[in-house]
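**Q** Below: one structure in C-alpha cells.
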Amino acid sequence: MLVKVRSVAYVGLVPVPVEVEVDVAAQGFPGMTVVGLAGKAVEEARERVKTAINNSGMDFPPKKITVNLAPADLPKDGGAYDLPIAVGILMASGQIQISNDKFTNGIYYGELSLDGSLRATKGVLLVGLYAKQKSPVPNHKPQIYVPIESANEAAVVEGINVFPVRNLKELADHLNEVKLIEPLNHLDVEEMVEGSPVDFDLAEVAGQEQAKRALTIAAAGGHNLLMWGPPGTGKTMLARAMPGILPPLSPAEALEVTRIYSVAGLLETGESLMRRRPFRSPHHGISAAGMVGGGTNPLPGEVSLAHLGVLFLDEMAEFPRSVLEGLRQPMEDGRVGIVRAAAHVEYPASFSLVAAVNPCPCGYLGHPHKECKCTEKQIRKYRARMSGPILDRIDLHVNVPMVEIEKLQITNDKSQNASSKEIRDKVVAVRKMQEKRFLEEGIFTNSQMRNKQVKKFGQLDAETGRLLRLAVEKFDLSARAYFRLIKVARTIADLAGEENIRTRHMAEALQYKQIT
Amino acid sequence: MGYTIFVIRKVRPEDRLWPKKIGNLGRGAPKQLWYGGKWGDRLFEKCAAVVGSRRMTEYGRRVLEKLVPMLVNGGWTIVSGMMYGTDQYAHRLTMDCGGKTVGVLGYGIKYQGIMNDDLGFMNMIIDSGGLILSEWEDQAGTLWTFPMRDRIMAALAQEIYVTEAAIKSGALITAEWGKKLGRKVWAVPGPITSRVSEGTNKIITEGWATMWVPEMEDQKAPGRLSDSNNTDIYSLLQNETLKIDEIARKLSMQVAEVGSRLTMMQMTGEVEEKNGKYYLPVNRQRAPDK
C-alpha cells in the first residue's frame, strides 16, 4: 500500500515542500530503502524509525518498504524526516487510520529518538510559515505536527494549528482519534516584542561622553562605527549597549530574525521568538565561511545572525583580510549570497557594524601612564591591515581613551548619564524622520544614501560648504570621506531636530572623521 | 616608487670640504665620508645635533615641536641619525621650518638593505637642501655601526640636544661622545616615570648635561589670538593637553557642542589634535616672536 505524507525542507530561508512517499509492498524481501538524494542523517532514519516504532508499542512491518523523498533532485539532510517516514509507515501498515477529514494533509516534521519521543528540531518556524502560505484544504486550518520542544517557534504564526507532539504513540492516538492533542495557542508577536528589556544600559558606562554620543549618532542614522582605544577602556561595553539604543524590533522584523535563528538551530529550547536585536561578537580566529555562512548545505554565518542587530568586531585589525573582505557584500546590499555545489542560497545580513581596534599592536599608544613599546613601522603595518574597502564603509570613527578614574569621580555624577531608554526614544524619533524623508527613495536611513541622494537631502549652505572644503584640504580627505561627512552631519542635524545642516553640525561631524 | 636615487660623492680629509671638527676625533676619525646632496660651504658652521629615542613618546614629540623651530630660527643646521622615531621627526620638523638638516647614517650609503621608506625620506632631505652622510659605502647596519655613527654626529655638532633617552641608548652614546669632545650637551628633563627619560634625567643629575627648558616669557598673555568666543576652552588648554571628554566635563557642556567648537578651532589653527588629545600649537603658547 502506498501512502503520501507532507513535510518541508528549506534551502536557505526558503521552505520547499517535500513529499514523503512510503510504500509497504505486499511481497518481497523484508527491508527498508530510502531514495531521493537522502543525506547520511536521512539514511540513518531507517534505524531510528524502526526502533522508535517498536519501542512505542507498535509494529514495524516485516515487509519490503520503500521510502521516496520527492522532489528527487533536492538534496535532503537532517533528522526532520524521521517523523513523516514513521507516520507513513504506520499509515501504510494500517496502524494509523485517518478517518476524520480534519486530520488529512497535516505537515509532519521532527526528529525521532529511539524511545519514540521527539527531539527538538531546527527550522520549525519555517514549517509554520510555509503551512500558512499553502493551505491545501480550504475549510480547515493548515496543521503541522512538530516536536513539543520546538513547537513554540511556530506558535507565533497566525492562522495555523500547531500540534506539539511528545512521542509517536500520542500522535498515533491523536490521528486515530483515541486521544486528541491540543493545538498550541497562538502567541501574539506584537505583545511579545513590546516590553523586551535592555541588556546593557549606557548609563552604566562611566565617562566616554564622546563615544556615547558617537554611538547615539550611529544608532540614529544607521551608521557603522569604529572605536579606537587601548584595552580596558570600555569599548566592548559600549558595543554591547548598542542593541539597546536601536529602535525595538517590529513584529515583522522579529519574525525575520527568528527565521534565521530557527534555521541555524540557535533558538533556545522552548523559546518562540527573538525579541531583542541580536548582538554577535565573533572572535578574530573565525573563518570566512563562519563569517558569511557556509557548509555543504549553507548555514547562516555571523553576518546573518547579526541581521537587524549589531555585529561587533573586537580587535578588528586581527581579523584575517579574507574575512573582512567578505563583509563587503553584506555591508553594501544587506544580504549575502553563498554558492556551494549543493545549493546557492541567500541570507539577509543587514547589520550595524561596530568595530574596535587598539591604537597600536601593544595597545598603549597615547596611554596616560603606560609606555607604548611599538615602533612607528609596527604601528603603520598594524593600521595598514584594515585599510581599504571596509574602512571606507565606516562613517564614524571615534577615540575611546583611557579614563582616569580619579578625574571621573570628581566631575562625573552618574545620575546625569542618559539611560539607554532615553537615548532609544530619541533614536526612534530620528528614525521616523528619516523614513518620512526617504519615503520615495527606497531606503530607510541616512547611512544608506547614495551620492545622488546625499546631494539632494544633504544640501549645505555657503558657510557650511566652505567649512567642509577647508576641512578636506586641511585633513587631506578623500571624495568618499566627503560624502560620509555629509551623511553624518545629516544625522546630527536630525538629532538636533533641524531641517538644514548647519555649520555646527558639520563641525561636529568632522570630529568623527577617519583616524589615521 | 617615484623617487630617483641620489648621486653619491666622497670627501677625504685632504679635501677643502672636509669638516675640520671631525679632526677632534683624532685617530678615531673616519678616513672618508660618503655623501648625497649639496654640500654647502657653510653647512657645518653652526650645527646642532638633536637626538632621542626611537620610541618617541607623545612628550618627546611635543618637545621636538618646541625645540627644533627655535634652533632653526636661530640659524642652526640640525644633525640627526635618520632613524625612525625622534631622528626622523627632527629632520622632518627642520624641513617644515625651512631649515637645513644633515642625516648621518648608521649604515653604508649604498647599503642594499635600506628600506624604501627611508630612501624616500633621504631624497626629501636632499631635495630640501640637506645632506645625507655616512663613513661607509655598503656596510650593513649592525650593532656596532650605530654607536660608530654617533661619534660623527657628536663631532659635527657644536651643541647636542638629547630630547629623550633610555639609560642604554644611542642618544646617550652621542651625548657621551659630545662630552668627550668638549661639546655643549643639553638634555631635556622628562617625567620620572618614563623609561625613555631616565637617561636624560640621569645626565642632568650627573651634572655634565645642561637642563634644557624653553624660555618662559609671556606664557600668560597670549593676547587675543582667537577672534571667536572660545576663550574658555583656550584657557583650559594653556595648562595641559586634554581629551574632549575632559574638556566637556570641566566646562559642563555637551560633548556634541564641545566637539563642534573644537573642530572650528582646529580649522583656524587655534588648537591641534593628536591621538584624541587637544593642545595649543607651539607658536600660540609663546609670545609673538621678536
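Residues are referred to by chain and number: the chain letter is A, B, ... according to the order shown in the C-alpha cells, the number counts from 1 in that chain, and ligands are numbered separately from 1 in the order shown.
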Distance cut-off 6 Å, counting only C-alpha atoms - which residues of chain B neighbour chain A? Return them as a ChimeraX atom specification.

**A** /B:245,255,259-260,263,276

**Q** Those residues with N, CA and C atoms, as a PDB file, in the first residue's frame please?

**A**
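Result saved to again26.pdb:
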```
ATOM      1  N   ASP B 245      36.414  64.566  26.187  1.00  0.00           N
ATOM      2  CA  ASP B 245      35.507  64.263  27.294  1.00  0.00           C
ATOM      3  C   ASP B 245      35.844  65.110  28.526  1.00  0.00           C
ATOM      4  N   VAL B 255      29.027  67.159  24.999  1.00  0.00           N
ATOM      5  CA  VAL B 255      30.198  66.796  24.221  1.00  0.00           C
ATOM      6  C   VAL B 255      29.992  67.135  22.739  1.00  0.00           C
ATOM      7  N   GLY B 259      32.683  69.307  20.756  1.00  0.00           N
ATOM      8  CA  GLY B 259      33.275  68.747  19.550  1.00  0.00           C
ATOM      9  C   GLY B 259      33.158  69.703  18.388  1.00  0.00           C
ATOM     10  N   SER B 260      31.992  70.265  18.251  1.00  0.00           N
ATOM     11  CA  SER B 260      31.773  71.177  17.145  1.00  0.00           C
ATOM     12  C   SER B 260      32.686  72.399  17.261  1.00  0.00           C
ATOM     13  N   THR B 263      36.396  71.509  16.498  1.00  0.00           N
ATOM     14  CA  THR B 263      36.673  71.409  15.070  1.00  0.00           C
ATOM     15  C   THR B 263      36.912  72.795  14.492  1.00  0.00           C
ATOM     16  N   GLY B 276      43.610  61.924  19.832  1.00  0.00           N
ATOM     17  CA  GLY B 276      42.458  62.213  20.675  1.00  0.00           C
ATOM     18  C   GLY B 276      42.699  63.269  21.741  1.00  0.00           C
TER      19      GLY B 276
END
```

**Q** Record the distance separating atom CA of A:Gln459 and atom CA of A:Phe438, expressed in Å with one decimal.

**A**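 Atom-to-atom, atom CA of A:Gln459 to atom CA of A:Phe438, that is 14.9 Å.
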
**Q** Can you list, as a ChimeraX atom specification, all residues belonging to stretch 18-185 of chain B that DSSP tags as strand (DSSP E)?

**A** /B:33-37,47-51,77-80,101-104,131-134,159-162,184-185

**Q** For those residues, write N, CA and C atoms to a file as a short mmCIF file (atom, residue, chain, number, x, y, z; two decimals), in the first residue's frame.

**A**
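Just written: again.cif:
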```
data_model
loop_
_atom_site.label_atom_id
_atom_site.label_comp_id
_atom_site.auth_asym_id
_atom_site.auth_seq_id
_atom_site.Cartn_x
_atom_site.Cartn_y
_atom_site.Cartn_z
N LEU B 33 84.24 60.33 3.98
CA LEU B 33 82.80 60.42 4.17
C LEU B 33 82.12 60.34 2.81
N TRP B 34 81.13 59.47 2.72
CA TRP B 34 80.30 59.43 1.52
C TRP B 34 79.11 60.35 1.77
N TYR B 35 78.69 61.01 0.72
CA TYR B 35 77.54 61.87 0.95
C TYR B 35 76.65 61.99 -0.28
N GLY B 36 75.40 62.32 -0.04
CA GLY B 36 74.46 62.65 -1.11
C GLY B 36 73.89 64.01 -0.80
N GLY B 37 73.63 64.80 -1.84
CA GLY B 37 73.09 66.13 -1.62
C GLY B 37 74.14 67.20 -1.91
N CYS B 47 76.09 74.24 13.95
CA CYS B 47 75.47 72.94 13.75
C CYS B 47 75.11 72.29 15.09
N ALA B 48 73.86 71.87 15.23
CA ALA B 48 73.41 71.25 16.48
C ALA B 48 72.90 69.85 16.20
N ALA B 49 73.25 68.92 17.05
CA ALA B 49 72.72 67.56 16.92
C ALA B 49 71.48 67.44 17.80
N VAL B 50 70.42 66.90 17.22
CA VAL B 50 69.21 66.64 18.01
C VAL B 50 69.00 65.14 18.00
N VAL B 51 69.11 64.51 19.16
CA VAL B 51 68.97 63.06 19.21
C VAL B 51 67.98 62.65 20.28
N THR B 77 72.02 74.43 11.77
CA THR B 77 71.80 73.23 10.97
C THR B 77 71.54 72.08 11.94
N ILE B 78 70.54 71.26 11.63
CA ILE B 78 70.19 70.19 12.57
C ILE B 78 70.77 68.88 12.07
N VAL B 79 71.60 68.27 12.89
CA VAL B 79 72.16 66.95 12.57
C VAL B 79 71.39 65.90 13.37
N SER B 80 71.03 64.82 12.70
CA SER B 80 70.43 63.72 13.45
C SER B 80 70.71 62.41 12.71
N THR B 101 69.11 70.30 7.17
CA THR B 101 69.30 69.19 8.08
C THR B 101 70.25 68.16 7.48
N VAL B 102 71.02 67.50 8.34
CA VAL B 102 72.00 66.52 7.91
C VAL B 102 71.69 65.19 8.58
N GLY B 103 71.52 64.17 7.76
CA GLY B 103 71.24 62.85 8.30
C GLY B 103 72.50 61.99 8.25
N VAL B 104 72.96 61.54 9.39
CA VAL B 104 74.15 60.69 9.44
C VAL B 104 73.70 59.25 9.59
N LEU B 131 71.70 67.17 3.62
CA LEU B 131 72.79 66.26 3.29
C LEU B 131 72.56 64.90 3.95
N ILE B 132 72.97 63.85 3.24
CA ILE B 132 72.99 62.51 3.83
C ILE B 132 74.45 62.08 3.91
N LEU B 133 74.89 61.62 5.06
CA LEU B 133 76.30 61.31 5.28
C LEU B 133 76.48 59.90 5.79
N SER B 134 77.60 59.28 5.39
CA SER B 134 77.96 58.02 6.02
C SER B 134 79.46 57.80 5.84
N GLU B 159 76.72 71.81 19.52
CA GLU B 159 75.85 71.58 20.65
C GLU B 159 75.03 70.32 20.40
N ILE B 160 74.76 69.61 21.48
CA ILE B 160 74.00 68.37 21.33
C ILE B 160 72.76 68.45 22.22
N TYR B 161 71.60 68.20 21.64
CA TYR B 161 70.35 68.23 22.40
C TYR B 161 69.81 66.81 22.49
N VAL B 162 69.62 66.32 23.69
CA VAL B 162 69.03 64.99 23.88
C VAL B 162 67.60 65.20 24.39
N LYS B 184 78.94 71.24 23.90
CA LYS B 184 77.91 71.61 24.86
C LYS B 184 76.78 70.58 24.78
N VAL B 185 76.45 69.93 25.89
CA VAL B 185 75.39 68.92 25.87
C VAL B 185 74.18 69.43 26.64
#
```

**Q** Quick one: everything within 8 Å of stretch 240-242 of chain B, counting only C-alpha atoms, minus sequence neighbours fewer than 6 positions away in the same chain. Send it as number ranges by chain.

**A** B: 277-280

**Q** Which polymer residues have any atom within 9 Å of an atom of A:Met291, counting only C-alpha atoms, with same-chain residues fewer than 2 positions away left out, as a list of chain:residue names?

**A**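 My reading of the contact set: A:Pro282, A:Ile286, A:Ser287, A:Ala288, A:Ala289, A:Gly293, A:Gly294, A:Pro300, A:Gly301, A:Glu302, A:Val303, A:Ser304, A:Val323, A:Leu324, A:Gly326, A:Leu327.
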
**Q** Those residues with C-alpha atoms, as a compact mmCIF listing (two decimals), in the first residue's frame please?

**A**
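Output saved as again32.txt:
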```
# COMPACT_ATOMS: atom_id res chain seq x y z
CA PRO A 282 32.76 36.64 16.70
CA ILE A 286 36.82 32.99 12.68
CA SER A 287 36.96 31.60 9.15
CA ALA A 288 35.49 33.28 6.11
CA ALA A 289 32.74 30.64 5.97
CA GLY A 293 27.94 31.47 6.13
CA GLY A 294 28.84 28.15 4.55
CA PRO A 300 23.85 31.31 8.05
CA GLY A 301 27.11 32.91 9.21
CA GLU A 302 27.74 35.61 11.76
CA VAL A 303 26.70 38.39 9.39
CA SER A 304 23.25 36.83 9.06
CA VAL A 323 37.23 37.53 6.44
CA LEU A 324 36.99 41.31 6.40
CA GLY A 326 33.72 39.00 2.98
CA LEU A 327 31.89 41.79 4.79
```

**Q** With only C-alpha atoms as the atoms that count, which of A:Thr233, A:Ser117, A:Thr216, A:Asn55 lies nearest to A:Leu171?

**A**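 Among the listed residues, the smallest separation from A:Leu171 belongs to A:Ser117.
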